[in-house]
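Structure data (PDB, N, CA and C atoms and all ligand atoms) from work.pdb:
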```pdb
MODEL        1
ATOM      1  N   MET F   1     -34.982 135.713 117.183
ATOM      2  CA  MET F   1     -34.351 134.522 117.795
ATOM      3  C   MET F   1     -34.027 134.791 119.268
ATOM      4  N   ALA F   2     -34.269 133.804 120.061
ATOM      5  CA  ALA F   2     -33.997 133.943 121.500
ATOM      6  C   ALA F   2     -32.556 133.545 121.784
ATOM      7  N   THR F   3     -31.646 134.290 121.174
ATOM      8  CA  THR F   3     -30.245 133.902 121.317
ATOM      9  C   THR F   3     -29.735 134.069 122.740
ATOM     10  N   ASP F   4     -30.332 135.014 123.467
ATOM     11  CA  ASP F   4     -29.869 135.200 124.842
ATOM     12  C   ASP F   4     -30.250 133.994 125.683
ATOM     13  N   LYS F   5     -31.405 133.430 125.393
ATOM     14  CA  LYS F   5     -31.820 132.230 126.113
ATOM     15  C   LYS F   5     -30.904 131.063 125.787
ATOM     16  N   ILE F   6     -30.562 130.962 124.520
ATOM     17  CA  ILE F   6     -29.670 129.884 124.109
ATOM     18  C   ILE F   6     -28.325 130.063 124.782
ATOM     19  N   ALA F   7     -27.855 131.313 124.796
ATOM     20  CA  ALA F   7     -26.565 131.583 125.433
ATOM     21  C   ALA F   7     -26.613 131.205 126.907
ATOM     22  N   LYS F   8     -27.735 131.508 127.556
ATOM     23  CA  LYS F   8     -27.876 131.164 128.969
ATOM     24  C   LYS F   8     -27.853 129.662 129.157
ATOM     25  N   ASN F   9     -28.517 128.960 128.257
ATOM     26  CA  ASN F   9     -28.532 127.509 128.373
ATOM     27  C   ASN F   9     -27.156 126.916 128.102
ATOM     28  N   LEU F  10     -26.464 127.498 127.133
ATOM     29  CA  LEU F  10     -25.120 127.008 126.845
ATOM     30  C   LEU F  10     -24.237 127.184 128.073
ATOM     31  N   GLU F  11     -24.464 128.289 128.750
ATOM     32  CA  GLU F  11     -23.714 128.565 129.970
ATOM     33  C   GLU F  11     -24.035 127.485 131.009
ATOM     34  N   ARG F  12     -25.321 127.182 131.142
ATOM     35  CA  ARG F  12     -25.750 126.136 132.077
ATOM     36  C   ARG F  12     -25.140 124.783 131.716
ATOM     37  N   PHE F  13     -25.182 124.492 130.437
ATOM     38  CA  PHE F  13     -24.628 123.209 129.986
ATOM     39  C   PHE F  13     -23.150 123.142 130.366
ATOM     40  N   ALA F  14     -22.440 124.215 130.047
ATOM     41  CA  ALA F  14     -21.003 124.245 130.310
ATOM     42  C   ALA F  14     -20.731 124.107 131.802
ATOM     43  N   GLN F  15     -21.556 124.781 132.609
ATOM     44  CA  GLN F  15     -21.371 124.701 134.061
ATOM     45  C   GLN F  15     -21.655 123.297 134.569
ATOM     46  N   ALA F  16     -22.735 122.702 134.053
ATOM     47  CA  ALA F  16     -23.104 121.359 134.496
ATOM     48  C   ALA F  16     -22.027 120.355 134.106
ATOM     49  N   ILE F  17     -21.491 120.533 132.910
ATOM     50  CA  ILE F  17     -20.445 119.618 132.455
ATOM     51  C   ILE F  17     -19.187 119.795 133.294
ATOM     52  N   ALA F  18     -18.873 121.056 133.583
ATOM     53  CA  ALA F  18     -17.700 121.323 134.414
ATOM     54  C   ALA F  18     -17.879 120.698 135.795
ATOM     55  N   ALA F  19     -19.101 120.848 136.357
ATOM     56  CA  ALA F  19     -19.371 120.284 137.674
ATOM     57  C   ALA F  19     -19.306 118.761 137.606
ATOM     58  N   HIS F  20     -19.873 118.215 136.561
ATOM     59  CA  HIS F  20     -19.851 116.765 136.386
ATOM     60  C   HIS F  20     -18.417 116.241 136.296
ATOM     61  N   ASP F  21     -17.618 116.925 135.492
ATOM     62  CA  ASP F  21     -16.239 116.467 135.301
ATOM     63  C   ASP F  21     -15.423 116.579 136.587
ATOM     64  N   ARG F  22     -15.781 117.589 137.367
ATOM     65  CA  ARG F  22     -15.076 117.782 138.626
ATOM     66  C   ARG F  22     -15.422 116.648 139.588
ATOM     67  N   GLU F  23     -16.714 116.297 139.613
ATOM     68  CA  GLU F  23     -17.158 115.243 140.528
ATOM     69  C   GLU F  23     -16.842 113.849 140.014
ATOM     70  N   ASN F  24     -16.703 113.735 138.736
ATOM     71  CA  ASN F  24     -16.456 112.426 138.133
ATOM     72  C   ASN F  24     -15.259 112.506 137.194
ATOM     73  N   PRO F  25     -14.078 112.670 137.779
ATOM     74  CA  PRO F  25     -12.897 112.914 136.935
ATOM     75  C   PRO F  25     -12.579 111.773 135.976
ATOM     76  N   THR F  26     -13.138 110.595 136.232
ATOM     77  CA  THR F  26     -12.829 109.478 135.342
ATOM     78  C   THR F  26     -13.818 109.379 134.182
ATOM     79  N   HIS F  27     -14.867 110.187 134.231
ATOM     80  CA  HIS F  27     -15.865 110.154 133.160
ATOM     81  C   HIS F  27     -15.500 111.148 132.069
ATOM     82  N   ASN F  28     -15.972 110.860 130.891
ATOM     83  CA  ASN F  28     -15.830 111.816 129.798
ATOM     84  C   ASN F  28     -17.215 112.226 129.325
ATOM     85  N   ALA F  29     -17.557 113.466 129.566
ATOM     86  CA  ALA F  29     -18.853 113.963 129.106
ATOM     87  C   ALA F  29     -18.779 114.156 127.593
ATOM     88  N   TRP F  30     -19.834 113.740 126.927
ATOM     89  CA  TRP F  30     -19.847 113.873 125.457
ATOM     90  C   TRP F  30     -21.129 114.514 124.948
ATOM     91  N   GLY F  31     -22.074 114.711 125.855
ATOM     92  CA  GLY F  31     -23.319 115.269 125.339
ATOM     93  C   GLY F  31     -24.221 115.819 126.416
ATOM     94  N   ILE F  32     -25.281 116.436 125.944
ATOM     95  CA  ILE F  32     -26.339 116.936 126.808
ATOM     96  C   ILE F  32     -27.611 116.221 126.382
ATOM     97  N   GLY F  33     -28.220 115.530 127.317
ATOM     98  CA  GLY F  33     -29.452 114.820 127.020
ATOM     99  C   GLY F  33     -30.651 115.660 127.383
ATOM    100  N   MET F  34     -31.576 115.768 126.445
ATOM    101  CA  MET F  34     -32.778 116.543 126.705
ATOM    102  C   MET F  34     -33.971 115.851 126.085
ATOM    103  N   ASN F  35     -35.110 116.147 126.637
ATOM    104  CA  ASN F  35     -36.336 115.683 126.027
ATOM    105  C   ASN F  35     -36.456 116.334 124.644
ATOM    106  N   GLY F  36     -36.961 115.581 123.686
ATOM    107  CA  GLY F  36     -37.084 116.100 122.329
ATOM    108  C   GLY F  36     -37.886 117.387 122.262
ATOM    109  N   PHE F  37     -38.861 117.474 123.137
ATOM    110  CA  PHE F  37     -39.702 118.659 123.189
ATOM    111  C   PHE F  37     -38.876 119.893 123.555
ATOM    112  N   ASP F  38     -37.987 119.732 124.526
ATOM    113  CA  ASP F  38     -37.140 120.851 124.942
ATOM    114  C   ASP F  38     -36.167 121.242 123.833
ATOM    115  N   ILE F  39     -35.633 120.231 123.171
ATOM    116  CA  ILE F  39     -34.683 120.510 122.093
ATOM    117  C   ILE F  39     -35.352 121.359 121.028
ATOM    118  N   GLU F  40     -36.589 120.977 120.731
ATOM    119  CA  GLU F  40     -37.319 121.696 119.704
ATOM    120  C   GLU F  40     -37.630 123.116 120.140
ATOM    121  N   ARG F  41     -38.123 123.261 121.359
ATOM    122  CA  ARG F  41     -38.522 124.602 121.773
ATOM    123  C   ARG F  41     -37.338 125.522 122.007
ATOM    124  N   LEU F  42     -36.166 124.943 122.195
ATOM    125  CA  LEU F  42     -34.971 125.773 122.326
ATOM    126  C   LEU F  42     -34.365 126.072 120.957
ATOM    127  N   GLY F  43     -34.953 125.479 119.946
ATOM    128  CA  GLY F  43     -34.438 125.713 118.606
ATOM    129  C   GLY F  43     -33.126 124.999 118.338
ATOM    130  N   LEU F  44     -32.908 123.913 119.080
ATOM    131  CA  LEU F  44     -31.685 123.140 118.880
ATOM    132  C   LEU F  44     -32.007 121.928 118.010
ATOM    133  N   GLU F  45     -30.980 121.233 117.589
ATOM    134  CA  GLU F  45     -31.197 120.037 116.789
ATOM    135  C   GLU F  45     -30.442 118.883 117.392
ATOM    136  N   GLU F  46     -31.081 117.713 117.336
ATOM    137  CA  GLU F  46     -30.388 116.541 117.856
ATOM    138  C   GLU F  46     -29.113 116.321 117.051
ATOM    139  N   GLY F  47     -28.055 116.045 117.759
ATOM    140  CA  GLY F  47     -26.785 115.808 117.096
ATOM    141  C   GLY F  47     -25.966 117.073 116.909
ATOM    142  N   GLU F  48     -26.585 118.207 117.202
ATOM    143  CA  GLU F  48     -25.890 119.479 117.062
ATOM    144  C   GLU F  48     -24.790 119.574 118.113
ATOM    145  N   GLU F  49     -23.629 120.027 117.674
ATOM    146  CA  GLU F  49     -22.521 120.200 118.618
ATOM    147  C   GLU F  49     -22.660 121.590 119.218
ATOM    148  N   ILE F  50     -23.141 121.630 120.465
ATOM    149  CA  ILE F  50     -23.429 122.918 121.079
ATOM    150  C   ILE F  50     -22.229 123.493 121.806
ATOM    151  N   LEU F  51     -21.354 122.624 122.236
ATOM    152  CA  LEU F  51     -20.103 123.039 122.862
ATOM    153  C   LEU F  51     -19.041 122.109 122.288
ATOM    154  N   PRO F  52     -17.797 122.517 122.353
ATOM    155  CA  PRO F  52     -16.754 121.648 121.778
ATOM    156  C   PRO F  52     -16.822 120.231 122.348
ATOM    157  N   GLY F  53     -17.062 119.270 121.477
ATOM    158  CA  GLY F  53     -17.112 117.872 121.898
ATOM    159  C   GLY F  53     -18.390 117.466 122.589
ATOM    160  N   ILE F  54     -19.349 118.354 122.646
ATOM    161  CA  ILE F  54     -20.616 118.086 123.342
ATOM    162  C   ILE F  54     -21.769 118.209 122.349
ATOM    163  N   VAL F  55     -22.518 117.128 122.197
ATOM    164  CA  VAL F  55     -23.648 117.165 121.267
ATOM    165  C   VAL F  55     -24.965 117.026 122.021
ATOM    166  N   ILE F  56     -25.999 117.521 121.395
ATOM    167  CA  ILE F  56     -27.358 117.412 121.942
ATOM    168  C   ILE F  56     -27.917 116.044 121.579
ATOM    169  N   GLN F  57     -28.540 115.411 122.536
ATOM    170  CA  GLN F  57     -29.069 114.078 122.310
ATOM    171  C   GLN F  57     -30.452 113.975 122.945
ATOM    172  N   VAL F  58     -31.416 113.441 122.191
ATOM    173  CA  VAL F  58     -32.726 113.181 122.769
ATOM    174  C   VAL F  58     -32.585 112.003 123.723
ATOM    175  N   ASP F  59     -33.024 112.196 124.967
ATOM    176  CA  ASP F  59     -32.878 111.091 125.917
ATOM    177  C   ASP F  59     -34.204 110.649 126.534
ATOM    178  N   GLY F  60     -35.280 111.291 126.148
ATOM    179  CA  GLY F  60     -36.567 110.853 126.679
ATOM    180  C   GLY F  60     -36.765 111.159 128.148
ATOM    181  N   GLY F  61     -35.907 111.995 128.706
ATOM    182  CA  GLY F  61     -36.050 112.375 130.112
ATOM    183  C   GLY F  61     -37.153 113.396 130.277
ATOM    184  N   VAL F  62     -37.309 113.835 131.492
ATOM    185  CA  VAL F  62     -38.360 114.809 131.762
ATOM    186  C   VAL F  62     -38.040 116.132 131.085
ATOM    187  N   THR F  63     -39.097 116.869 130.759
ATOM    188  CA  THR F  63     -38.887 118.171 130.146
ATOM    189  C   THR F  63     -38.493 119.177 131.215
ATOM    190  N   GLY F  64     -37.850 120.242 130.776
ATOM    191  CA  GLY F  64     -37.444 121.293 131.698
ATOM    192  C   GLY F  64     -36.101 121.011 132.345
ATOM    193  N   ASN F  65     -35.566 119.849 132.098
ATOM    194  CA  ASN F  65     -34.268 119.496 132.661
ATOM    195  C   ASN F  65     -33.370 118.939 131.565
ATOM    196  N   PHE F  66     -32.102 118.960 131.847
ATOM    197  CA  PHE F  66     -31.195 118.290 130.919
ATOM    198  C   PHE F  66     -30.242 117.424 131.716
ATOM    199  N   ARG F  67     -29.660 116.480 131.045
ATOM    200  CA  ARG F  67     -28.747 115.560 131.686
ATOM    201  C   ARG F  67     -27.382 115.655 131.026
ATOM    202  N   VAL F  68     -26.342 115.567 131.823
ATOM    203  CA  VAL F  68     -25.002 115.489 131.259
ATOM    204  C   VAL F  68     -24.790 114.034 130.853
ATOM    205  N   LEU F  69     -24.469 113.833 129.596
ATOM    206  CA  LEU F  69     -24.244 112.474 129.106
ATOM    207  C   LEU F  69     -22.750 112.206 129.093
ATOM    208  N   CYS F  70     -22.388 111.018 129.570
ATOM    209  CA  CYS F  70     -20.973 110.711 129.641
ATOM    210  C   CYS F  70     -20.773 109.224 129.435
ATOM    211  N   ASP F  71     -19.531 108.823 129.402
ATOM    212  CA  ASP F  71     -19.239 107.408 129.186
ATOM    213  C   ASP F  71     -19.151 106.660 130.513
ATOM    214  N   GLY F  72     -19.441 107.346 131.596
ATOM    215  CA  GLY F  72     -19.354 106.712 132.909
ATOM    216  C   GLY F  72     -20.674 106.117 133.345
ATOM    217  N   ASP F  73     -20.687 105.588 134.527
ATOM    218  CA  ASP F  73     -21.874 104.954 135.082
ATOM    219  C   ASP F  73     -22.490 105.871 136.129
ATOM    220  N   HIS F  74     -23.768 106.170 135.938
ATOM    221  CA  HIS F  74     -24.385 107.146 136.827
ATOM    222  C   HIS F  74     -25.670 106.685 137.458
ATOM    223  N   ASP F  75     -25.914 105.417 137.491
ATOM    224  CA  ASP F  75     -27.230 104.970 137.937
ATOM    225  C   ASP F  75     -27.720 105.702 139.163
ATOM    226  N   GLU F  76     -26.896 105.785 140.158
ATOM    227  CA  GLU F  76     -27.334 106.388 141.416
ATOM    228  C   GLU F  76     -27.158 107.890 141.453
ATOM    229  N   GLU F  77     -26.198 108.365 140.697
ATOM    230  CA  GLU F  77     -25.903 109.798 140.756
ATOM    231  C   GLU F  77     -26.614 110.561 139.665
ATOM    232  N   ARG F  78     -27.455 109.876 138.943
ATOM    233  CA  ARG F  78     -28.061 110.498 137.785
ATOM    234  C   ARG F  78     -28.709 111.832 138.113
ATOM    235  N   GLU F  79     -29.376 111.851 139.241
ATOM    236  CA  GLU F  79     -30.062 113.092 139.598
ATOM    237  C   GLU F  79     -29.100 114.259 139.768
ATOM    238  N   GLU F  80     -27.962 113.962 140.270
ATOM    239  CA  GLU F  80     -26.990 115.034 140.483
ATOM    240  C   GLU F  80     -26.523 115.627 139.173
ATOM    241  N   ALA F  81     -26.575 114.822 138.148
ATOM    242  CA  ALA F  81     -26.111 115.298 136.851
ATOM    243  C   ALA F  81     -27.210 116.038 136.118
ATOM    244  N   GLU F  82     -28.317 116.182 136.800
ATOM    245  CA  GLU F  82     -29.457 116.821 136.175
ATOM    246  C   GLU F  82     -29.531 118.285 136.569
ATOM    247  N   ALA F  83     -29.879 119.101 135.655
ATOM    248  CA  ALA F  83     -30.037 120.510 135.978
ATOM    249  C   ALA F  83     -31.162 121.067 135.141
ATOM    250  N   GLU F  84     -31.664 122.155 135.588
ATOM    251  CA  GLU F  84     -32.799 122.750 134.888
ATOM    252  C   GLU F  84     -32.403 123.497 133.633
ATOM    253  N   VAL F  85     -33.245 123.360 132.659
ATOM    254  CA  VAL F  85     -33.059 124.136 131.445
ATOM    255  C   VAL F  85     -33.545 125.539 131.764
ATOM    256  N   VAL F  86     -32.785 126.496 131.352
ATOM    257  CA  VAL F  86     -33.162 127.876 131.663
ATOM    258  C   VAL F  86     -34.344 128.304 130.824
ATOM    259  N   GLU F  87     -35.421 128.659 131.502
ATOM    260  CA  GLU F  87     -36.526 129.350 130.858
ATOM    261  C   GLU F  87     -36.701 128.979 129.408
ATOM    262  N   ALA F  88     -36.827 127.710 129.160
ATOM    263  CA  ALA F  88     -36.892 127.281 127.773
ATOM    264  C   ALA F  88     -38.100 127.882 127.069
ATOM    265  N   VAL F  89     -39.191 127.962 127.786
ATOM    266  CA  VAL F  89     -40.396 128.531 127.210
ATOM    267  C   VAL F  89     -40.377 130.034 127.441
ATOM    268  N   ALA F  90     -40.883 130.746 126.492
ATOM    269  CA  ALA F  90     -40.961 132.195 126.657
ATOM    270  C   ALA F  90     -41.739 132.485 127.924
ATOM    271  N   THR F  91     -41.152 133.278 128.771
ATOM    272  CA  THR F  91     -41.827 133.591 130.026
ATOM    273  C   THR F  91     -42.145 135.065 130.094
ATOM    274  N   GLN F  92     -43.058 135.392 130.932
ATOM    275  CA  GLN F  92     -43.405 136.795 131.129
ATOM    276  C   GLN F  92     -42.220 137.468 131.808
ATOM    277  N   PRO F  93     -41.933 138.681 131.401
ATOM    278  CA  PRO F  93     -40.887 139.402 132.138
ATOM    279  C   PRO F  93     -41.335 139.594 133.578
ATOM    280  N   ALA F  94     -40.386 139.546 134.470
ATOM    281  CA  ALA F  94     -40.729 139.712 135.876
ATOM    282  C   ALA F  94     -41.441 141.035 136.064
ATOM    283  N   GLN F  95     -42.499 140.989 136.807
ATOM    284  CA  GLN F  95     -43.269 142.211 137.003
ATOM    285  C   GLN F  95     -42.651 143.017 138.131
ATOM    286  N   MET F  96     -42.464 144.279 137.831
ATOM    287  CA  MET F  96     -41.953 145.160 138.859
ATOM    288  C   MET F  96     -43.107 145.523 139.777
ATOM    289  N   PRO F  97     -42.827 145.559 141.063
ATOM    290  CA  PRO F  97     -43.906 145.959 141.971
ATOM    291  C   PRO F  97     -44.362 147.368 141.638
ATOM    292  N   VAL F  98     -45.642 147.536 141.631
ATOM    293  CA  VAL F  98     -46.209 148.856 141.333
ATOM    294  C   VAL F  98     -46.134 149.686 142.602
ATOM    295  N   ALA F  99     -45.832 150.929 142.438
ATOM    296  CA  ALA F  99     -45.768 151.808 143.608
ATOM    297  C   ALA F  99     -47.108 151.802 144.322
ATOM    298  N   PRO F 100     -47.054 151.736 145.636
ATOM    299  CA  PRO F 100     -48.321 151.686 146.373
ATOM    300  C   PRO F 100     -49.197 152.882 146.043
ATOM    301  N   GLN F 101     -50.455 152.597 145.891
ATOM    302  CA  GLN F 101     -51.375 153.682 145.535
ATOM    303  C   GLN F 101     -51.600 154.587 146.735
ATOM    304  N   ARG F 102     -51.598 155.861 146.401
ATOM    305  CA  ARG F 102     -51.818 156.820 147.473
ATOM    306  C   ARG F 102     -53.312 156.949 147.752
ATOM    307  N   GLN F 103     -53.653 156.902 149.002
ATOM    308  CA  GLN F 103     -55.053 157.125 149.350
ATOM    309  C   GLN F 103     -55.305 158.629 149.290
ATOM    310  N   GLU F 104     -56.275 158.953 148.527
ATOM    311  CA  GLU F 104     -56.600 160.372 148.456
ATOM    312  C   GLU F 104     -57.917 160.619 149.148
ATOM    313  N   ASP F 105     -57.812 161.168 150.309
ATOM    314  CA  ASP F 105     -59.062 161.514 150.988
ATOM    315  C   ASP F 105     -58.935 162.800 151.792
TER     316      ASP F 105
HETATM  317 ZN    ZN F 201     -20.509 110.894 134.318
ENDMDL
END
```
Structure rendered as structure tokens:
Amino acid sequence: MATDKIAKNLERFAQAIAAHDRENPTHNAWGIGMNGFDIERLGLEEGEEILPGIVIQVDGGVTGNFRVLCDGDHDEEREEAEAEVVEAVATQPAQMPVAPQRQED
């Protein structure tokens, strides 16, 4: 299980919600909106409570990003409430630079 990835995403969700609440003190965040594809590949389930009071919701948005869902109005600020999903797909580990080859002559 990619629990570290999930933990990283939970961290992102929590940060995004905190940022959202700070910028929109009159809104109440209640969920994280994600494309169904992302929910599946992260091993999450729609309706799952991933953080206290925060549930996962399929929103049909673009993949690779998630949206903070709230009871407020965000038509214009929607983009600001958007953040990237952390490495949802298994990625190659970062390659360490190989030591320069010595010329032998
Ligand atoms: Zn809001």
| task | Quick one: pull the distance between CA of Pro25 (chain F) and CA of Glu46 (chain F), Å, one decimal. | result |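 So the answer is 26.1 Å.
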| field | 6.5 Å shell around ligand ZN 201 (chain F) using all atoms listed in the file, listed as a list in words | value |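 Counting only what the definition allows, namely all atoms listed in the file, the set is His20, Asn24, His27, Asn28, Ala29, Val68, Leu69, Cys70, Asp71, Gly72, Asp73 and His74 of chain F.
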| By how many Å are CA of Ala16 (chain F) and atom C of Phe66 (chain F) apart? | 8.6 Å
| query | What does the distance from CA of Ile17 (chain F) to CA of Ile54 (chain F) come to in Å, to one decimal? | reply | 9.2 Å
| task | Step by step, work through what the PyMOL selection byres (((chain F and resi 58) around 5) and not hetatm) selects in the shown file, and finish by giving those residues as an MDAnalysis selection string. | result | chainID F and resid 34 36 56:57 59:60
| message | From the options F:Ile6, F:Leu44, F:Asp38, F:Gly31, which residue's atoms come nearest to Gly64 (chain F), counting only N, CA and C atoms? | response | F:Asp38
